[in-house]
$ cat start.pdb   # PDB, C-alpha atoms
ATOM      1  CA  MET A  20     -11.078  -0.074 -41.918
ATOM      2  CA  PRO A  21     -10.193   0.371 -45.623
ATOM      3  CA  GLN A  22      -9.813  -2.943 -47.416
ATOM      4  CA  SER A  23      -6.583  -1.775 -49.062
ATOM      5  CA  LEU A  24      -4.731  -2.013 -45.754
ATOM      6  CA  PRO A  25      -2.826  -5.257 -45.159
ATOM      7  CA  SER A  26      -4.370  -7.917 -42.949
ATOM      8  CA  VAL A  27      -2.702  -8.607 -39.603
ATOM      9  CA  ILE A  28      -3.178 -12.036 -38.061
ATOM     10  CA  ILE A  29      -2.374 -13.555 -34.692
ATOM     11  CA  SER A  30      -0.135 -16.415 -35.750
ATOM     12  CA  GLY A  31       0.706 -17.705 -32.288
ATOM     13  CA  THR A  32      -0.285 -17.341 -28.643
ATOM     14  CA  GLY A  33       1.240 -18.305 -25.329
ATOM     15  CA  ALA A  34       0.679 -17.990 -21.602
ATOM     16  CA  TYR A  35       2.447 -18.511 -18.312
ATOM     17  CA  LEU A  36       0.815 -19.124 -14.943
ATOM     18  CA  PRO A  37       2.906 -19.270 -11.764
ATOM     19  CA  ARG A  38       3.266 -22.549  -9.931
ATOM     20  CA  ARG A  39       1.626 -21.498  -6.655
ATOM     21  CA  VAL A  40      -2.152 -21.939  -6.452
ATOM     22  CA  VAL A  41      -3.883 -19.837  -3.781
ATOM     23  CA  THR A  42      -7.440 -20.909  -2.963
ATOM     24  CA  ASN A  43     -10.139 -18.866  -1.283
ATOM     25  CA  ASP A  44      -9.619 -20.942   1.842
ATOM     26  CA  ASP A  45      -5.961 -19.905   1.748
ATOM     27  CA  MET A  46      -7.049 -16.268   1.523
ATOM     28  CA  ALA A  47      -9.325 -16.753   4.540
ATOM     29  CA  LYS A  48      -6.223 -17.545   6.591
ATOM     30  CA  ILE A  49      -4.695 -14.191   5.634
ATOM     31  CA  VAL A  50      -7.628 -11.770   5.712
ATOM     32  CA  ASP A  51     -11.168 -11.697   7.140
ATOM     33  CA  THR A  52     -13.009 -13.461   4.319
ATOM     34  CA  SER A  53     -14.396 -16.832   3.258
ATOM     35  CA  ASP A  54     -14.758 -18.972   0.168
ATOM     36  CA  GLU A  55     -18.485 -18.167   0.020
ATOM     37  CA  TRP A  56     -17.889 -14.401   0.389
ATOM     38  CA  ILE A  57     -15.361 -14.325  -2.450
ATOM     39  CA  ARG A  58     -17.277 -16.617  -4.832
ATOM     40  CA  THR A  59     -20.546 -14.745  -4.308
ATOM     41  CA  ARG A  60     -19.039 -11.320  -4.981
ATOM     42  CA  SER A  61     -16.530 -12.155  -7.708
ATOM     43  CA  GLY A  62     -16.871 -15.699  -9.026
ATOM     44  CA  ILE A  63     -13.247 -16.406  -8.134
ATOM     45  CA  ALA A  64     -12.278 -19.738  -6.542
ATOM     46  CA  GLN A  65      -8.491 -19.510  -6.786
ATOM     47  CA  ARG A  66      -5.646 -17.530  -8.287
ATOM     48  CA  ARG A  67      -1.922 -17.926  -8.932
ATOM     49  CA  TYR A  68       0.821 -16.052  -7.076
ATOM     50  CA  ALA A  69       4.319 -15.723  -8.464
ATOM     51  CA  GLY A  70       7.297 -16.604  -6.306
ATOM     52  CA  PRO A  71      10.432 -14.528  -5.720
ATOM     53  CA  ASP A  72      12.032 -16.063  -8.824
ATOM     54  CA  GLU A  73       9.010 -15.293 -11.039
ATOM     55  CA  SER A  74       9.300 -11.609 -11.915
ATOM     56  CA  THR A  75       7.108  -9.876 -14.469
ATOM     57  CA  SER A  76       9.880 -10.109 -17.072
ATOM     58  CA  PHE A  77      10.408 -13.805 -16.274
ATOM     59  CA  MET A  78       6.717 -14.609 -16.774
ATOM     60  CA  ALA A  79       6.562 -12.412 -19.877
ATOM     61  CA  THR A  80       9.515 -14.243 -21.402
ATOM     62  CA  ALA A  81       8.005 -17.663 -20.704
ATOM     63  CA  ALA A  82       4.710 -16.675 -22.351
ATOM     64  CA  ALA A  83       6.588 -15.181 -25.302
ATOM     65  CA  GLU A  84       8.557 -18.380 -25.864
ATOM     66  CA  GLN A  85       5.283 -20.306 -26.093
ATOM     67  CA  ALA A  86       3.821 -17.804 -28.531
ATOM     68  CA  LEU A  87       6.888 -17.997 -30.762
ATOM     69  CA  GLN A  88       6.700 -21.784 -30.724
ATOM     70  CA  THR A  89       3.010 -21.941 -31.675
ATOM     71  CA  ALA A  90       3.602 -19.353 -34.415
ATOM     72  CA  GLY A  91       6.502 -21.377 -35.798
ATOM     73  CA  ALA A  92       8.598 -18.223 -35.569
ATOM     74  CA  GLN A  93      12.191 -17.608 -34.563
ATOM     75  CA  ALA A  94      13.154 -14.885 -32.105
ATOM     76  CA  CYS A  95      15.352 -13.301 -34.766
ATOM     77  CA  GLU A  96      12.235 -12.624 -36.904
ATOM     78  CA  ILE A  97      10.671 -10.284 -34.315
ATOM     79  CA  ASP A  98      11.324  -6.603 -34.986
ATOM     80  CA  LEU A  99       8.745  -5.058 -32.625
ATOM     81  CA  LEU A 100       8.142  -5.900 -28.956
ATOM     82  CA  ILE A 101       5.428  -4.330 -26.797
ATOM     83  CA  VAL A 102       4.862  -5.260 -23.151
ATOM     84  CA  ALA A 103       1.674  -4.177 -21.382
ATOM     85  CA  THR A 104       2.102  -4.084 -17.610
ATOM     86  CA  MET A 105       1.338  -2.033 -14.517
ATOM     87  CA  THR A 106       3.734  -4.093 -12.384
ATOM     88  CA  PRO A 107       7.105  -3.688 -14.135
ATOM     89  CA  ASP A 108      10.231  -5.239 -12.681
ATOM     90  CA  MET A 109      11.358  -1.686 -11.889
ATOM     91  CA  PRO A 110      10.306   1.859 -12.871
ATOM     92  CA  PHE A 111      12.986   1.861 -15.565
ATOM     93  CA  PRO A 112      14.326   0.489 -17.801
ATOM     94  CA  SER A 113      11.189  -0.876 -19.395
ATOM     95  CA  THR A 114      10.174  -4.481 -18.880
ATOM     96  CA  ALA A 115      10.202  -4.792 -22.675
ATOM     97  CA  CYS A 116      13.939  -4.126 -22.712
ATOM     98  CA  LEU A 117      14.475  -6.814 -20.074
ATOM     99  CA  VAL A 118      12.397  -9.286 -22.108
ATOM    100  CA  GLN A 119      14.303  -8.323 -25.263
ATOM    101  CA  SER A 120      17.496  -9.391 -23.527
ATOM    102  CA  ARG A 121      16.018 -12.563 -22.019
ATOM    103  CA  LEU A 122      14.731 -13.696 -25.422
ATOM    104  CA  GLY A 123      17.965 -12.820 -27.191
ATOM    105  CA  LEU A 124      16.224 -10.533 -29.660
ATOM    106  CA  GLY A 125      18.141  -8.144 -31.868
ATOM    107  CA  ALA A 126      18.423  -4.396 -31.280
ATOM    108  CA  ILE A 127      14.728  -3.996 -32.070
ATOM    109  CA  THR A 128      12.050  -1.497 -31.071
ATOM    110  CA  ALA A 129      10.874  -2.479 -27.572
ATOM    111  CA  PHE A 130       8.697  -0.517 -25.181
ATOM    112  CA  ASP A 131       6.071  -0.806 -22.446
ATOM    113  CA  ILE A 132       2.425   0.251 -22.480
ATOM    114  CA  GLN A 133       0.644   1.090 -19.223
ATOM    115  CA  ALA A 134      -3.108   0.886 -19.700
ATOM    116  CA  ALA A 135      -3.836  -1.324 -16.679
ATOM    117  CA  CYS A 136      -6.398  -4.050 -17.433
ATOM    118  CA  SER A 137      -6.900  -2.690 -20.966
ATOM    119  CA  GLY A 138      -3.209  -3.096 -21.740
ATOM    120  CA  TYR A 139      -3.518  -6.186 -23.945
ATOM    121  CA  ILE A 140      -6.036  -4.453 -26.230
ATOM    122  CA  TYR A 141      -3.865  -1.333 -26.364
ATOM    123  CA  ALA A 142      -0.863  -3.480 -27.303
ATOM    124  CA  LEU A 143      -2.834  -5.319 -30.015
ATOM    125  CA  ASN A 144      -4.047  -2.039 -31.460
ATOM    126  CA  THR A 145      -0.625  -0.401 -31.416
ATOM    127  CA  ALA A 146       1.224  -3.382 -32.871
ATOM    128  CA  SER A 147      -1.313  -4.120 -35.619
ATOM    129  CA  ASN A 148      -1.305  -0.510 -36.808
ATOM    130  CA  LEU A 149       2.484  -0.328 -36.789
ATOM    131  CA  LEU A 150       2.607  -3.531 -38.845
ATOM    132  CA  ARG A 151       0.079  -2.130 -41.317
ATOM    133  CA  SER A 152       2.228   0.979 -41.696
ATOM    134  CA  GLY A 153       4.997  -1.153 -43.164
ATOM    135  CA  ALA A 154       7.515  -0.108 -40.522
ATOM    136  CA  TYR A 155       7.695  -3.613 -39.024
ATOM    137  CA  LYS A 156       7.227  -7.176 -40.243
ATOM    138  CA  LYS A 157       6.534  -9.315 -37.187
ATOM    139  CA  ALA A 158       5.505  -8.174 -33.710
ATOM    140  CA  LEU A 159       5.448  -9.800 -30.300
ATOM    141  CA  ILE A 160       3.005  -8.402 -27.758
ATOM    142  CA  ILE A 161       2.893  -9.406 -24.105
ATOM    143  CA  GLY A 162       0.591  -8.726 -21.170
ATOM    144  CA  ALA A 163       2.279  -9.585 -17.886
ATOM    145  CA  GLU A 164       1.492  -8.789 -14.268
ATOM    146  CA  LYS A 165       2.740  -9.644 -10.790
ATOM    147  CA  MET A 166      -0.319  -8.202  -9.085
ATOM    148  CA  SER A 167       0.496  -9.888  -5.773
ATOM    149  CA  SER A 168       3.359  -7.406  -5.388
ATOM    150  CA  ILE A 169       0.944  -4.460  -5.027
ATOM    151  CA  LEU A 170      -1.899  -6.043  -3.052
ATOM    152  CA  ASP A 171      -2.855  -4.909   0.446
ATOM    153  CA  PHE A 172      -3.459  -8.125   2.354
ATOM    154  CA  GLU A 173      -5.337  -6.164   5.007
ATOM    155  CA  ASP A 174      -7.958  -5.033   2.463
ATOM    156  CA  ARG A 175     -10.264  -7.945   1.695
ATOM    157  CA  SER A 176     -12.159  -5.962  -0.934
ATOM    158  CA  THR A 177      -9.147  -5.931  -3.278
ATOM    159  CA  CYS A 178      -6.587  -8.569  -2.290
ATOM    160  CA  VAL A 179      -8.881 -11.507  -3.068
ATOM    161  CA  LEU A 180      -9.529 -10.375  -6.651
ATOM    162  CA  PHE A 181      -6.150 -10.420  -8.343
ATOM    163  CA  GLY A 182      -3.679 -13.007  -9.566
ATOM    164  CA  ASP A 183      -0.371 -13.185 -11.407
ATOM    165  CA  GLY A 184       0.421 -14.366 -14.919
ATOM    166  CA  ALA A 185       1.486 -13.488 -18.440
ATOM    167  CA  SER A 186       0.262 -13.903 -22.001
ATOM    168  CA  ALA A 187       1.753 -13.247 -25.409
ATOM    169  CA  ALA A 188       0.887 -13.198 -29.095
ATOM    170  CA  VAL A 189       2.825 -13.053 -32.349
ATOM    171  CA  LEU A 190       1.329 -10.730 -34.969
ATOM    172  CA  GLU A 191       2.249 -10.654 -38.641
ATOM    173  CA  ILE A 192       1.017  -9.481 -42.028
ATOM    174  CA  SER A 193      -1.128 -11.910 -44.026
ATOM    175  CA  GLU A 194      -1.976 -11.854 -47.723
ATOM    176  CA  ALA A 195      -5.495 -13.141 -46.986
ATOM    177  CA  GLN A 196      -7.796 -10.123 -47.067
ATOM    178  CA  GLY A 197     -10.627  -9.782 -44.571
ATOM    179  CA  THR A 198      -9.067 -12.042 -41.945
ATOM    180  CA  GLY A 199      -7.194 -11.448 -38.724
ATOM    181  CA  ILE A 200      -7.514  -8.294 -36.658
ATOM    182  CA  LEU A 201     -10.275  -6.270 -38.300
ATOM    183  CA  SER A 202      -9.768  -3.257 -36.040
ATOM    184  CA  SER A 203      -9.644  -2.041 -32.448
ATOM    185  CA  ILE A 204     -11.243   0.779 -30.508
ATOM    186  CA  THR A 205      -9.516   2.198 -27.439
ATOM    187  CA  GLY A 206     -10.507   5.022 -25.137
ATOM    188  CA  SER A 207      -9.770   6.746 -21.854
ATOM    189  CA  ASP A 208     -11.205   9.079 -19.217
ATOM    190  CA  GLY A 209      -8.728  10.344 -16.640
ATOM    191  CA  SER A 210     -11.143  12.604 -14.776
ATOM    192  CA  ASN A 211     -11.486  10.230 -11.802
ATOM    193  CA  PRO A 212      -8.173   8.387 -11.415
ATOM    194  CA  GLU A 213      -8.822   7.649  -7.743
ATOM    195  CA  LEU A 214     -11.511   5.112  -8.669
ATOM    196  CA  LEU A 215      -8.720   2.584  -9.166
ATOM    197  CA  TYR A 216      -5.120   3.547  -8.490
ATOM    198  CA  GLN A 217      -1.870   3.094  -6.577
ATOM    199  CA  PRO A 218      -1.327   6.396  -4.744
ATOM    200  CA  ALA A 219       2.405   6.307  -4.010
ATOM    201  CA  GLY A 220       5.571   5.506  -5.900
ATOM    202  CA  GLY A 221       5.377   8.259  -8.508
ATOM    203  CA  CYS A 222       6.614  11.838  -8.464
ATOM    204  CA  ILE A 223       3.545  13.175  -6.622
ATOM    205  CA  GLN A 224       4.131  10.902  -3.650
ATOM    206  CA  PRO A 225       7.632   9.409  -3.923
ATOM    207  CA  ALA A 226       8.443   6.292  -1.957
ATOM    208  CA  SER A 227       9.249   7.071   1.668
ATOM    209  CA  ALA A 228       9.033   5.427   5.061
ATOM    210  CA  GLU A 229       5.827   7.381   5.630
ATOM    211  CA  SER A 230       4.189   6.275   2.366
ATOM    212  CA  VAL A 231       5.035   2.651   3.083
ATOM    213  CA  LEU A 232       3.665   2.812   6.637
ATOM    214  CA  ALA A 233       0.500   4.450   5.281
ATOM    215  CA  ARG A 234       0.069   1.514   2.861
ATOM    216  CA  GLN A 235       0.001   3.874  -0.110
ATOM    217  CA  HIS A 236       1.908   1.522  -2.430
ATOM    218  CA  PHE A 237      -1.028  -0.869  -2.736
ATOM    219  CA  ILE A 238      -4.103  -0.917  -4.993
ATOM    220  CA  LYS A 239      -6.996   1.284  -3.900
ATOM    221  CA  MET A 240     -10.363   0.755  -5.563
ATOM    222  CA  ASN A 241     -13.921   2.068  -5.454
ATOM    223  CA  GLY A 242     -15.473  -1.261  -6.347
ATOM    224  CA  LYS A 243     -19.090  -0.146  -6.756
ATOM    225  CA  GLU A 244     -18.248   2.678  -9.137
ATOM    226  CA  ILE A 245     -15.793   0.553 -11.132
ATOM    227  CA  PHE A 246     -18.511  -2.077 -11.551
ATOM    228  CA  LYS A 247     -20.997   0.458 -12.940
ATOM    229  CA  GLN A 248     -18.461   2.014 -15.281
ATOM    230  CA  ALA A 249     -17.175  -1.355 -16.513
ATOM    231  CA  VAL A 250     -20.608  -2.697 -17.430
ATOM    232  CA  ARG A 251     -21.577   0.488 -19.249
ATOM    233  CA  VAL A 252     -18.315   1.071 -21.119
ATOM    234  CA  MET A 253     -17.599  -2.551 -22.079
ATOM    235  CA  GLY A 254     -21.105  -2.871 -23.476
ATOM    236  CA  GLN A 255     -20.828   0.365 -25.423
ATOM    237  CA  VAL A 256     -17.396  -0.265 -26.941
ATOM    238  CA  SER A 257     -18.489  -3.787 -27.939
ATOM    239  CA  THR A 258     -21.509  -2.364 -29.754
ATOM    240  CA  ASP A 259     -19.398   0.360 -31.355
ATOM    241  CA  ILE A 260     -16.856  -2.005 -32.891
ATOM    242  CA  LEU A 261     -19.525  -4.412 -34.149
ATOM    243  CA  ASP A 262     -21.411  -1.499 -35.714
ATOM    244  CA  ARG A 263     -18.204  -0.286 -37.370
ATOM    245  CA  HIS A 264     -18.006  -3.544 -39.323
ATOM    246  CA  GLY A 265     -21.722  -4.131 -39.841
ATOM    247  CA  TYR A 266     -22.104  -7.043 -37.426
ATOM    248  CA  SER A 267     -24.736  -7.701 -34.793
ATOM    249  CA  SER A 268     -23.959  -9.202 -31.404
ATOM    250  CA  ASP A 269     -25.568 -12.531 -32.319
ATOM    251  CA  GLN A 270     -22.941 -12.972 -35.049
ATOM    252  CA  VAL A 271     -20.144 -13.104 -32.469
ATOM    253  CA  ASP A 272     -18.883 -16.676 -32.218
ATOM    254  CA  LEU A 273     -16.709 -16.124 -29.150
ATOM    255  CA  LEU A 274     -16.417 -13.197 -26.764
ATOM    256  CA  ILE A 275     -13.384 -12.964 -24.500
ATOM    257  CA  PRO A 276     -13.858 -10.270 -21.864
ATOM    258  CA  HIS A 277     -11.333  -8.993 -19.374
ATOM    259  CA  GLN A 278     -11.544 -11.382 -16.429
ATOM    260  CA  ALA A 279     -12.344  -9.011 -13.568
ATOM    261  CA  ASN A 280     -15.594 -10.122 -11.962
ATOM    262  CA  MET A 281     -18.311 -12.596 -12.976
ATOM    263  CA  ARG A 282     -20.992 -10.064 -12.108
ATOM    264  CA  ILE A 283     -19.524  -7.720 -14.698
ATOM    265  CA  ILE A 284     -19.326 -10.517 -17.267
ATOM    266  CA  ASP A 285     -22.909 -11.640 -16.528
ATOM    267  CA  SER A 286     -24.143  -8.071 -16.942
ATOM    268  CA  LEU A 287     -22.242  -7.717 -20.227
ATOM    269  CA  ALA A 288     -23.787 -10.949 -21.535
ATOM    270  CA  LYS A 289     -27.294  -9.719 -20.691
ATOM    271  CA  ARG A 290     -26.658  -6.318 -22.239
ATOM    272  CA  MET A 291     -25.454  -7.926 -25.483
ATOM    273  CA  GLY A 292     -28.110 -10.632 -25.494
ATOM    274  CA  LEU A 293     -25.551 -13.427 -25.684
ATOM    275  CA  PRO A 294     -25.609 -16.775 -23.869
ATOM    276  CA  MET A 295     -22.692 -17.482 -21.550
ATOM    277  CA  GLU A 296     -21.746 -20.387 -23.841
ATOM    278  CA  ARG A 297     -20.339 -17.816 -26.277
ATOM    279  CA  PHE A 298     -17.977 -16.422 -23.648
ATOM    280  CA  HIS A 299     -14.621 -17.834 -22.642
ATOM    281  CA  ASN A 300     -14.038 -17.338 -18.934
ATOM    282  CA  ASN A 301     -11.306 -18.544 -16.598
ATOM    283  CA  LEU A 302     -11.786 -16.017 -13.802
ATOM    284  CA  ASP A 303     -12.679 -18.761 -11.337
ATOM    285  CA  ARG A 304      -9.215 -20.318 -11.724
ATOM    286  CA  PHE A 305      -6.908 -17.334 -12.243
ATOM    287  CA  GLY A 306      -8.642 -14.253 -10.850
ATOM    288  CA  ASN A 307      -7.988 -10.830 -12.358
ATOM    289  CA  THR A 308      -4.541 -10.847 -13.971
ATOM    290  CA  SER A 309      -4.958  -7.316 -15.352
ATOM    291  CA  ALA A 310      -3.151  -6.842 -18.697
ATOM    292  CA  ALA A 311      -2.483 -10.586 -18.937
ATOM    293  CA  SER A 312      -6.084 -11.737 -18.580
ATOM    294  CA  ILE A 313      -7.454 -11.480 -22.112
ATOM    295  CA  GLY A 314      -4.331 -13.022 -23.608
ATOM    296  CA  ILE A 315      -4.390 -15.925 -21.145
ATOM    297  CA  ALA A 316      -8.035 -16.596 -22.035
ATOM    298  CA  LEU A 317      -7.315 -16.243 -25.769
ATOM    299  CA  ASP A 318      -4.483 -18.760 -25.566
ATOM    300  CA  GLU A 319      -6.629 -21.146 -23.537
ATOM    301  CA  ALA A 320      -9.521 -20.848 -26.007
ATOM    302  CA  ARG A 321      -7.198 -21.491 -28.955
ATOM    303  CA  ARG A 322      -5.750 -24.594 -27.316
ATOM    304  CA  ALA A 323      -9.257 -25.845 -26.518
ATOM    305  CA  GLY A 324     -10.265 -25.529 -30.177
ATOM    306  CA  ARG A 325     -12.903 -22.890 -29.503
ATOM    307  CA  MET A 326     -11.888 -20.787 -32.521
ATOM    308  CA  GLY A 327     -12.091 -21.972 -36.108
ATOM    309  CA  PRO A 328     -11.401 -20.354 -39.498
ATOM    310  CA  GLY A 329     -13.831 -17.528 -40.159
ATOM    311  CA  ASP A 330     -15.087 -17.284 -36.575
ATOM    312  CA  LEU A 331     -15.827 -13.792 -35.322
ATOM    313  CA  ILE A 332     -13.946 -13.161 -32.073
ATOM    314  CA  LEU A 333     -14.529 -10.130 -29.857
ATOM    315  CA  LEU A 334     -12.076  -9.082 -27.147
ATOM    316  CA  VAL A 335     -13.159  -6.363 -24.718
ATOM    317  CA  ALA A 336     -11.508  -4.799 -21.671
ATOM    318  CA  PHE A 337     -11.869  -2.076 -19.059
ATOM    319  CA  GLY A 338      -9.304  -0.878 -16.552
ATOM    320  CA  ALA A 339      -7.793   1.831 -14.398
ATOM    321  CA  GLY A 340      -7.291   5.210 -15.949
ATOM    322  CA  LEU A 341     -10.041   4.833 -16.777
ATOM    323  CA  THR A 342      -9.163   2.946 -19.959
ATOM    324  CA  TRP A 343     -11.066   0.581 -22.206
ATOM    325  CA  GLY A 344     -10.836  -1.160 -25.532
ATOM    326  CA  ALA A 345     -12.235  -3.751 -27.909
ATOM    327  CA  THR A 346     -10.686  -5.741 -30.740
ATOM    328  CA  LEU A 347     -12.651  -7.583 -33.429
ATOM    329  CA  ILE A 348     -10.969 -10.554 -35.090
ATOM    330  CA  LYS A 349     -11.963 -12.766 -38.010
ATOM    331  CA  TRP A 350     -10.022 -15.856 -37.026
ATOM    332  CA  GLN A 351      -7.755 -17.145 -39.755
TER     333      GLN A 351
END
$ encode --input "start.pdb" --output "structure tokens"
Amino acid sequence: MPQSLPSVIISGTGAYLPRRVVTNDDMAKIVDTSDEWIRTRSGIAQRRYAGPDESTSFMATAAAEQALQTAGAQACEIDLLIVATMTPDMPFPSTACLVQSRLGLGAITAFDIQAACSGYIYALNTASNLLRSGAYKKALIIGAEKMSSILDFEDRSTCVLFGDGASAAVLEISEAQGTGILSSITGSDGSNPELLYQPAGGCIQPASAESVLARQHFIKMNGKEIFKQAVRVMGQVSTDILDRHGYSSDQVDLLIPHQANMRIIDSLAKRMGLPMERFHNNLDRFGNTSAASIGIALDEARRAGRMGPGDLILLVAFGAGLTWGATLIKWQ
């Protein structure tokens, strides 16, 4: 990244977790599973489920309000809003437009990004580059998901993995060179979409009584193949972005991976030669919250004081599409 480009910093973060806690024992009452089965295969102990009054836009707005507060920013200062979600309130209008109204923002640029579990990285990359272009001054990005709305509670291989929640960040230009978001790398491979997808609800298979009865509106996943792809791609994109800036993995102060599965995270740690102490994980408490997961962990790490000035922070994600991404940050 040329040094002449302006620095973009994350000036505030926020998160929202629904009130309802669902333990593995609770899941065992719904589907044929157990606490031991879930913990052994995923590392998850509990997750949060949103209630009827907690829509994706509601959770997104709550997280955004926190981010604005920690950034010391007013809603009227935001001129770019990006929401990453695969569980929008409705197919259209965009969830971003609904959040724009809920927050009382001006007639600003607002749109959704759909990159599944990589959505937060995609939003960071898009917003930071738009800010560097000079077209906008202060951006608000949000990752928000109501995953419980698309889970098949007859499929124990998927329904136990996901949770609901939202995260947000305020991005702005900084005069301090060499700090903030150094750069991002994003990628995709759509050659095998059926590895992780929701078959019905689009134009190929519109919603119908038949599609509902066939349970085609729920997540379908090839878990073994997703695991292999995630470990390989997350490791590679992490190496690529560190190489771009001349860093080695042992210079990373904190790594925040997408919270999908502890086996994936363990494999990533071994591949990068990093101790688990350098990772921030909350998968055991919140499960996989898709586009919200990295932002929730980032906000939690910030509040816990795990990031100090000059620390090198690496965010890395992998999701349906297939999509992936990594962002390298020199914390301000």
$ closest_residue --input "start.pdb" --among "A:Leu100, A:Ile332, A:Ala69, A:Ala249" --to "Ser168 (chain A)" --atoms "all atoms listed in the file"
A:Ala69
$ residues_around --input "start.pdb" --residues "Leu293 (chain A)" --least-positions-apart "4" --cutoff "9 Å" --atoms "all atoms listed in the file" --output "PyMOL selection string"
chain A and resi 268-269+271+287-289+297-298
$ resolve_selection --input "start.pdb" --expression "the PyMOL selection byres ((chain A and resi 34) around 10)" --output "list in words"
Thr32, Gly33, Tyr35, Leu36, Met78, Ala79, Thr80, Ala81, Ala82, Ala83, Glu84, Gln85, Ala86, Ile161, Gly162, Ala163, Gly184, Ala185, Ser186, Ala187, Ala188, Ala311, Ser312, Gly314, Ile315, Ala316, Leu317, Asp318 and Glu319 of chain A
$ closest_residue --input "start.pdb" --among "A:Gly344, A:Gly182, A:Pro37, A:Pro110" --to "Asp72 (chain A)" --atoms "all atoms listed in the file"
A:Pro37
$ atom_distance --input "start.pdb" --atom1 "CA of His236 (chain A)" --atom2 "CA of Gly62 (chain A)"
26.3 Å
$ resolve_selection --input "start.pdb" --expression "the PyMOL selection byres ((chain A and resi 189) around 6)" --output "PyMOL selection string"
chain A and resi 29-31+158-159+188+190
$ resolve_selection --input "start.pdb" --expression "the PyMOL selection byres ((chain A and resi 345) around 6)" --output "ChimeraX atom specification"
/A:203-204,334-335,344,346
$ write_last_selection --input "start.pdb" --atoms "C-alpha atoms" --output "CSV table (one decimal), keeping the file's coordinate frame"
chain,number,residue,atom,x,y,z
A,203,SER,CA,-9.6,-2.0,-32.4
A,204,ILE,CA,-11.2,0.8,-30.5
A,334,LEU,CA,-12.1,-9.1,-27.1
A,335,VAL,CA,-13.2,-6.4,-24.7
A,344,GLY,CA,-10.8,-1.2,-25.5
A,346,THR,CA,-10.7,-5.7,-30.7
$ residues_around --input "start.pdb" --residues "Ile348 (chain A)" --least-positions-apart "6" --cutoff "10 Å" --atoms "only C-alpha atoms" --output "PyMOL selection string"
chain A and resi 27-29+197-203+271+273+329-334
$ closest_residue --input "start.pdb" --among "A:Glu296, A:Met253, A:Ala226, A:Met240" --to "Cys178 (chain A)" --atoms "only C-alpha atoms"
A:Met240
$ atom_distance --input "start.pdb" --atom1 "CA of Val40 (chain A)" --atom2 "CA of Ser137 (chain A)"
24.6 Å
$ closest_residue --input "start.pdb" --among "A:Lys239, A:Lys349, A:His264, A:Arg234" --to "Gly327 (chain A)" --atoms "all atoms listed in the file"
A:Lys349
$ atom_distance --input "start.pdb" --atom1 "CA of Gln235 (chain A)" --atom2 "CA of Gly221 (chain A)"
10.9 Å
